[in-house]
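Participant: Here it is: the structure, laid out below.
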Amino acid sequence: MSESLSGEQVVDLDDAHVFHSWSAQANRNPIAIEKAAGSYFWDYDGKRYLDFSSQLVNLNLGHQHPTMVEAIKRQAEILCTVAPPIANAARSELARRISEVAPAALNKVFFTNGGAEANENAVRLARLHTGRQKVMAAYRSYHGATAGAIALTGDPRRWPNEPGVGSTVRYWGPYPYRSAFHSDSPEQETERALQHLRDLIAFEGPQTIAAIVLETVVGTNGILVPTDGYLAGVRELCNEHGIVMIADEVMSGFGRCGEWFAVDHWGVEPDLITFAKGINSGYVPLGGVVISDEIAATFATRPFPGGLTYSGHPLACATGIASMDIFVEENVLDGVRSLATDVFAPGLAELADKHPSVGEVRGLGAFWALELVKDKQTREPLVPYNASGADAAPMGAFAKACKDGGLFPFVHFNRTHVVPPCTITPAEAKEGLAILDEALSTADTFCS
């Protein structure tokens, strides 16, 4: 039935019956996608878009990978669903494989349906393990939209959901381009950010703090790569005070940063790692928490008071196994590192040199951001923080120019993120940068 609908009919039905997240329902103007393959998708008019957003930075293996599709079909023929208490081959095997690529002391996996639930349960694990309640979470962060996860979140999506659940303490993470600590070097940023964290711990009472949660590389709020030494410093603070370190790798994990887990880039071992998105590119909803042996031992004879009907769903876990096979067989991690070195780093640097609207380029792997400004000297953002309406028009014009050129961007506040599938080819990546180059000319018109 749906195959016979036109694009216009699909949008009309969407407007009439689908209630959308993060949206004023009457202000939406969606694109209807008819088909997709690899790094591209097509609308119903036949226009092709290069997906520089990986949808919501989750499609690490691209659209319609045949091995992933076949894994769903094969598992569906064997066993479509089973309750979480029952042992299942797909779930057991995926947990084993995740444990093998996780840091050495993390050997248990609690499966969820996505990243928000993963963060909810990571905090629950930390609180029960420590017997403490407070959780420290960063500004410029996003951890999900469930009640507990949105309370952790440090961007404006939290505001309409307050007062939040639980006791959350805010801190500033490192961000040299717009330093909260007035630092003049990455080294100074690390030193001051860690001292800030240490001071907050002292004044909040370390004996009251269950966990410090952070995105290993901040995602939606700017692709903020931690300065060298910062993650190791957080690990030391957690060790010193018996605080659980939670690394949110929902967006940064499974190849996005050129590693299985982004923490591997700095050789840091958290107590808990949350994941979703890239584990199976969203082909079937899946997330989870990788748990240290020490925390898992807390619940050896003590029941864990949490669960989900679809935890470790066989169809989802089968795609997770297929995804990890693809990462190995297609050498995806090395490919991402090569893309970063050979295409993204030099190509984006050229755009920054060419365009007055590009204030800074930062990133690693297939995880990059261009911070757009009105003035490179003053670093005034192209649009104000959390801008809407007319104030957001410059970014709207830039995004339209991208789409007109056949590029589907990921934009947030005054940034555009370069986050294509990890399997994008160098030629496709260069095609995207060329379209981005043209679109930035639109952004340049708003510069002072």
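Chain labels run A, B, ... following the order of the structure tokens; each chain numbers its residues from 1, and ligands are numbered from 1 in the order shown.
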Which residues come within 10 Å of Leu56 (chain A), counting only C-alpha atoms, excluding same-chain residues fewer than 3 positions away, as a PyMOL selection string?

Facilitator: chain A and resi 52-53+59+220+251+277+281-282+410+419-420

Participant: Convert the current residue selection to file output with N, CA and C atoms, as a JSON list (two decimals), in the first residue's frame.

Facilitator:
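The result, stored in again.json:
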[["chain", "number", "residue", "atom", "x", "y", "z"],
["A", 52, "PHE", "N", 25.35, 13.81, 4.77],
["A", 52, "PHE", "CA", 26.45, 14.27, 5.62],
["A", 52, "PHE", "C", 26.03, 14.35, 7.08],
["A", 53, "SER", "N", 24.86, 13.79, 7.40],
["A", 53, "SER", "CA", 24.36, 13.76, 8.77],
["A", 53, "SER", "C", 24.30, 12.35, 9.34],
["A", 59, "LEU", "N", 24.04, 6.33, 11.39],
["A", 59, "LEU", "CA", 24.10, 5.42, 10.25],
["A", 59, "LEU", "C", 25.56, 5.18, 9.85],
["A", 220, "THR", "N", 26.33, 16.47, 19.60],
["A", 220, "THR", "CA", 25.45, 17.49, 19.06],
["A", 220, "THR", "C", 25.85, 18.89, 19.48],
["A", 251, "MET", "N", 27.05, 8.51, 20.57],
["A", 251, "MET", "CA", 27.35, 9.08, 19.26],
["A", 251, "MET", "C", 28.79, 8.83, 18.83],
["A", 277, "LYS", "N", 23.28, 3.93, 18.65],
["A", 277, "LYS", "CA", 23.55, 4.42, 17.30],
["A", 277, "LYS", "C", 24.47, 3.51, 16.49],
["A", 281, "SER", "N", 24.04, 0.80, 13.49],
["A", 281, "SER", "CA", 23.61, 1.85, 12.57],
["A", 281, "SER", "C", 22.11, 2.10, 12.58],
["A", 282, "GLY", "N", 21.45, 1.72, 13.67],
["A", 282, "GLY", "CA", 20.03, 2.01, 13.80],
["A", 282, "GLY", "C", 19.13, 1.16, 12.93],
["A", 410, "PHE", "N", 23.98, 18.32, 8.92],
["A", 410, "PHE", "CA", 23.60, 18.28, 10.33],
["A", 410, "PHE", "C", 23.98, 19.63, 10.90],
["A", 419, "VAL", "N", 29.45, 14.65, 9.45],
["A", 419, "VAL", "CA", 29.30, 13.35, 10.11],
["A", 419, "VAL", "C", 28.66, 12.35, 9.15],
["A", 420, "PRO", "N", 29.31, 12.08, 8.02],
["A", 420, "PRO", "CA", 28.73, 11.14, 7.06],
["A", 420, "PRO", "C", 28.91, 9.70, 7.55]]

Participant: Could you make a table, as CSV, of the residues of region 77-178 of chain A that have an atom within 12 Å of an atom of region 200-207 of chain A, each with its nearest atom pair and distance in Å to one decimal, counting only C-alpha atoms, in chain and number order?

Facilitator:
residue,atom,partner,partner_atom,distance
A:Arg127,CA,A:Gln207,CA,11.8
A:Thr130,CA,A:Gln207,CA,9.2
A:Gly131,CA,A:Gln207,CA,9.4
A:Arg132,CA,A:Gln207,CA,7.3
A:Gln133,CA,A:Gln207,CA,9.6
A:Lys134,CA,A:Glu204,CA,8.8
A:Val135,CA,A:Glu204,CA,10.5
A:Met136,CA,A:Ile201,CA,8.8
A:Ala137,CA,A:Leu200,CA,11.5
A:Ala138,CA,A:Leu200,CA,12.0
A:Ser167,CA,A:Glu204,CA,11.1
A:Thr168,CA,A:Glu204,CA,10.8
A:Val169,CA,A:Glu204,CA,8.3
A:Arg170,CA,A:Leu200,CA,9.0
A:Tyr171,CA,A:Leu200,CA,7.8
A:Trp172,CA,A:Leu200,CA,10.3

Participant: Convert the current residue selection to file output with C-alpha atoms, as a PDB file, in the first residue's frame.

Facilitator:
ATOM      1  CA  ARG A 127      23.993   5.193  42.321  1.00  0.00           C
ATOM      2  CA  THR A 130      28.146   3.740  45.391  1.00  0.00           C
ATOM      3  CA  GLY A 131      25.117   4.362  47.589  1.00  0.00           C
ATOM      4  CA  ARG A 132      25.321   8.032  46.566  1.00  0.00           C
ATOM      5  CA  GLN A 133      22.870  10.200  44.625  1.00  0.00           C
ATOM      6  CA  LYS A 134      24.540  13.177  42.964  1.00  0.00           C
ATOM      7  CA  VAL A 135      25.674  12.965  39.346  1.00  0.00           C
ATOM      8  CA  MET A 136      27.966  15.526  37.747  1.00  0.00           C
ATOM      9  CA  ALA A 137      27.111  16.313  34.118  1.00  0.00           C
ATOM     10  CA  ALA A 138      28.511  18.890  31.719  1.00  0.00           C
ATOM     11  CA  SER A 167      20.363  15.447  41.797  1.00  0.00           C
ATOM     12  CA  THR A 168      22.535  16.766  38.956  1.00  0.00           C
ATOM     13  CA  VAL A 169      25.536  19.074  39.389  1.00  0.00           C
ATOM     14  CA  ARG A 170      26.669  21.033  36.315  1.00  0.00           C
ATOM     15  CA  TYR A 171      30.271  21.585  35.265  1.00  0.00           C
ATOM     16  CA  TRP A 172      32.101  23.093  32.298  1.00  0.00           C
TER      17      TRP A 172
END

Participant: Near Phe398 (chain A), within 7 Å and counting only C-alpha atoms, which residues show up once chain neighbours fewer than 4 positions away are dropped, as a PyMOL selection string?

Facilitator: chain A and resi 394+402+439-440+442-443

Participant: Per residue of region 371-442 of chain A within 10 Å of region 332-337 of chain A, note the shortest atom pair and the distance in Å to one decimal, counting only C-alpha atoms, and order the rows by chain and increasing residue number, as a tab-separated table.

Facilitator:
residue	atom	partner	partner_atom	distance
A:Pro421	CA	A:Val336	CA	9.5
A:Cys422	CA	A:Val336	CA	6.0
A:Thr423	CA	A:Val332	CA	6.6
A:Ile424	CA	A:Val336	CA	8.7
A:Thr425	CA	A:Gly335	CA	8.7
A:Pro426	CA	A:Gly335	CA	9.3

Participant: Write the residues you've just listed into a file as an mmCIF file, in the first residue's frame, and include C-alpha atoms for each of them.

Facilitator:
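For reference, part29.cif as written:
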data_model
loop_
_atom_site.group_PDB
_atom_site.id
_atom_site.type_symbol
_atom_site.label_atom_id
_atom_site.label_comp_id
_atom_site.auth_asym_id
_atom_site.auth_seq_id
_atom_site.Cartn_x
_atom_site.Cartn_y
_atom_site.Cartn_z
ATOM 1 C CA PRO A 421 28.614 7.340 7.184
ATOM 2 C CA CYS A 422 31.925 5.860 8.277
ATOM 3 C CA THR A 423 31.882 3.873 5.039
ATOM 4 C CA ILE A 424 31.778 6.945 2.789
ATOM 5 C CA THR A 425 34.368 6.783 0.017
ATOM 6 C CA PRO A 426 37.062 9.457 -0.387
#

Participant: Using only C-alpha atoms, which residue out of A:Glu259, A:Asp248, A:Asp45, A:Glu215 lies closest to Ala276 (chain A)?

Facilitator: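 The closest residue to Ala276 (chain A) is A:Asp248.
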
Participant: So which residues of region 224-325 of chain A fall under strand (DSSP E) by DSSP, listed as number ranges by chain?

Facilitator: A: 244-248, 272-275, 287-292

Participant: How about saving the chosen residues, N, CA and C atoms kept, as a CSV table (one decimal), in the first residue's frame?

Facilitator:
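Result file part.csv:
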chain,number,residue,atom,x,y,z
A,244,VAL,N,32.1,7.0,40.1
A,244,VAL,CA,32.0,6.2,38.9
A,244,VAL,C,32.2,7.1,37.7
A,245,MET,N,33.0,6.7,36.8
A,245,MET,CA,33.2,7.5,35.5
A,245,MET,C,32.4,6.8,34.4
A,246,ILE,N,31.4,7.6,33.9
A,246,ILE,CA,30.5,7.1,32.8
A,246,ILE,C,30.9,7.8,31.6
A,247,ALA,N,31.3,7.1,30.5
A,247,ALA,CA,31.6,7.6,29.2
A,247,ALA,C,30.4,7.4,28.3
A,248,ASP,N,29.7,8.5,27.9
A,248,ASP,CA,28.6,8.4,27.0
A,248,ASP,C,29.2,8.3,25.6
A,272,LEU,N,31.8,2.7,33.3
A,272,LEU,CA,30.7,2.3,32.5
A,272,LEU,C,30.8,3.1,31.1
A,273,ILE,N,30.4,2.4,30.0
A,273,ILE,CA,30.3,3.0,28.7
A,273,ILE,C,28.9,2.8,28.2
A,274,THR,N,28.3,3.9,27.8
A,274,THR,CA,27.0,3.7,27.2
A,274,THR,C,27.1,3.8,25.7
A,275,PHE,N,26.3,3.0,25.0
A,275,PHE,CA,26.4,3.0,23.5
A,275,PHE,C,25.0,2.8,22.9
A,287,GLY,N,20.7,-0.3,22.1
A,287,GLY,CA,21.7,0.4,22.9
A,287,GLY,C,22.2,-0.4,24.0
A,288,GLY,N,23.0,0.2,24.9
A,288,GLY,CA,23.4,-0.6,26.1
A,288,GLY,C,24.4,0.0,26.9
A,289,VAL,N,24.8,-0.6,28.0
A,289,VAL,CA,25.8,-0.2,28.9
A,289,VAL,C,26.8,-1.3,29.0
A,290,VAL,N,28.1,-1.0,28.8
A,290,VAL,CA,29.2,-1.9,29.1
A,290,VAL,C,29.7,-1.7,30.5
A,291,ILE,N,29.7,-2.7,31.3
A,291,ILE,CA,29.8,-2.6,32.8
A,291,ILE,C,31.2,-3.2,33.3
A,292,SER,N,31.8,-2.5,34.1
A,292,SER,CA,33.1,-3.0,34.7
A,292,SER,C,32.8,-4.2,35.6

Participant: Near Met395 (chain A), within 12 Å and counting only C-alpha atoms, which residues show up once chain neighbours fewer than 4 positions away are dropped, as a ChimeraX atom specification?

Facilitator: /A:357,371-374,381-391,399-402,409-416,439-440,442-446

Participant: Quick one: write out the picked residues with N, CA and C atoms as a short mmCIF file (atom, residue, chain, number, x, y, z; two decimals), in the first residue's frame?

Facilitator:
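Written output follows (again-v3.cif):
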data_model
loop_
_atom_site.label_atom_id
_atom_site.label_comp_id
_atom_site.auth_asym_id
_atom_site.auth_seq_id
_atom_site.Cartn_x
_atom_site.Cartn_y
_atom_site.Cartn_z
N SER A 357 33.26 32.95 7.16
CA SER A 357 32.23 32.48 8.10
C SER A 357 32.70 31.29 8.94
N GLU A 371 32.54 25.65 13.09
CA GLU A 371 31.86 26.66 13.87
C GLU A 371 31.77 27.93 13.04
N LEU A 372 30.54 28.35 12.76
CA LEU A 372 30.32 29.47 11.86
C LEU A 372 30.16 30.76 12.66
N VAL A 373 30.81 31.81 12.16
CA VAL A 373 30.87 33.08 12.89
C VAL A 373 30.56 34.24 11.95
N LYS A 374 30.21 35.38 12.56
CA LYS A 374 30.07 36.62 11.80
C LYS A 374 31.40 37.32 11.62
N PRO A 381 29.23 34.39 17.12
CA PRO A 381 28.57 33.31 16.39
C PRO A 381 27.71 33.84 15.24
N LEU A 382 27.59 33.03 14.20
CA LEU A 382 26.77 33.43 13.05
C LEU A 382 25.32 33.66 13.48
N VAL A 383 24.85 32.87 14.45
CA VAL A 383 23.54 33.08 15.06
C VAL A 383 23.71 32.98 16.57
N PRO A 384 22.85 33.64 17.34
CA PRO A 384 22.98 33.56 18.80
C PRO A 384 22.73 32.15 19.33
N TYR A 385 23.19 31.90 20.53
CA TYR A 385 22.96 30.62 21.19
C TYR A 385 21.45 30.35 21.29
N ASN A 386 21.06 29.15 20.86
CA ASN A 386 19.65 28.73 20.92
C ASN A 386 18.73 29.66 20.14
N ALA A 387 19.23 30.19 19.02
CA ALA A 387 18.45 31.14 18.22
C ALA A 387 17.24 30.46 17.58
N SER A 388 16.20 31.25 17.37
CA SER A 388 15.00 30.77 16.67
C SER A 388 14.46 31.92 15.83
N GLY A 389 13.51 31.59 14.96
CA GLY A 389 12.87 32.62 14.14
C GLY A 389 13.86 33.38 13.28
N ALA A 390 13.70 34.69 13.23
CA ALA A 390 14.55 35.52 12.38
C ALA A 390 16.01 35.47 12.80
N ASP A 391 16.26 35.29 14.10
CA ASP A 391 17.64 35.24 14.58
C ASP A 391 18.40 34.05 14.00
N ALA A 399 21.71 26.04 5.53
CA ALA A 399 21.20 24.67 5.41
C ALA A 399 20.45 24.49 4.10
N LYS A 400 19.68 25.50 3.70
CA LYS A 400 18.95 25.42 2.43
C LYS A 400 19.91 25.33 1.25
N ALA A 401 20.99 26.09 1.31
CA ALA A 401 21.98 26.04 0.24
C ALA A 401 22.61 24.66 0.13
N CYS A 402 22.85 24.01 1.29
CA CYS A 402 23.37 22.65 1.28
C CYS A 402 22.39 21.71 0.58
N PRO A 409 22.70 18.26 5.49
CA PRO A 409 23.63 18.61 6.55
C PRO A 409 23.09 18.28 7.94
N PHE A 410 23.98 18.32 8.92
CA PHE A 410 23.60 18.28 10.33
C PHE A 410 23.98 19.63 10.90
N VAL A 411 23.00 20.46 11.21
CA VAL A 411 23.28 21.78 11.76
C VAL A 411 22.70 21.90 13.16
N HIS A 412 23.41 22.62 14.02
CA HIS A 412 22.95 22.84 15.38
C HIS A 412 23.52 24.17 15.86
N PHE A 413 22.63 25.06 16.25
CA PHE A 413 23.03 26.42 16.65
C PHE A 413 23.87 27.05 15.54
N ASN A 414 25.12 27.43 15.82
CA ASN A 414 25.92 28.10 14.79
C ASN A 414 26.95 27.16 14.17
N ARG A 415 26.65 25.87 14.17
CA ARG A 415 27.62 24.91 13.64
C ARG A 415 27.00 24.04 12.55
N THR A 416 27.85 23.60 11.63
CA THR A 416 27.47 22.50 10.76
C THR A 416 28.45 21.37 11.03
N ALA A 439 27.95 26.14 -0.32
CA ALA A 439 26.96 26.58 0.66
C ALA A 439 27.54 27.60 1.63
N LEU A 440 28.81 27.46 1.95
CA LEU A 440 29.45 28.41 2.87
C LEU A 440 29.52 29.81 2.28
N THR A 442 27.08 31.22 1.00
CA THR A 442 25.85 31.83 1.53
C THR A 442 26.07 32.33 2.95
N ALA A 443 26.71 31.49 3.78
CA ALA A 443 26.99 31.90 5.16
C ALA A 443 27.89 33.14 5.18
N ASP A 444 28.81 33.22 4.22
CA ASP A 444 29.75 34.37 4.17
C ASP A 444 29.02 35.70 4.02
N THR A 445 27.85 35.67 3.37
CA THR A 445 27.13 36.92 3.13
C THR A 445 26.63 37.56 4.42
N PHE A 446 26.61 36.79 5.51
CA PHE A 446 26.15 37.33 6.79
C PHE A 446 27.30 37.81 7.67
#

Participant: At a cut-off of 12 Å, using only C-alpha atoms, what residues contact Arg178 (chain A)? Leave out same-chain residues fewer than 2 positions from it and give the result as a list in words.

Facilitator: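 Residues meeting the cut-off are Arg140, Trp172, Gly173, Pro174, Tyr175, Pro176, Ala180, Phe181, His182, Ser183, Asp184, Ser185, Pro186, Glu189, Gly222, Leu224, Gly359, Glu360, Glu371, Thr378, Arg379, Glu380 and Pro381 of chain A.
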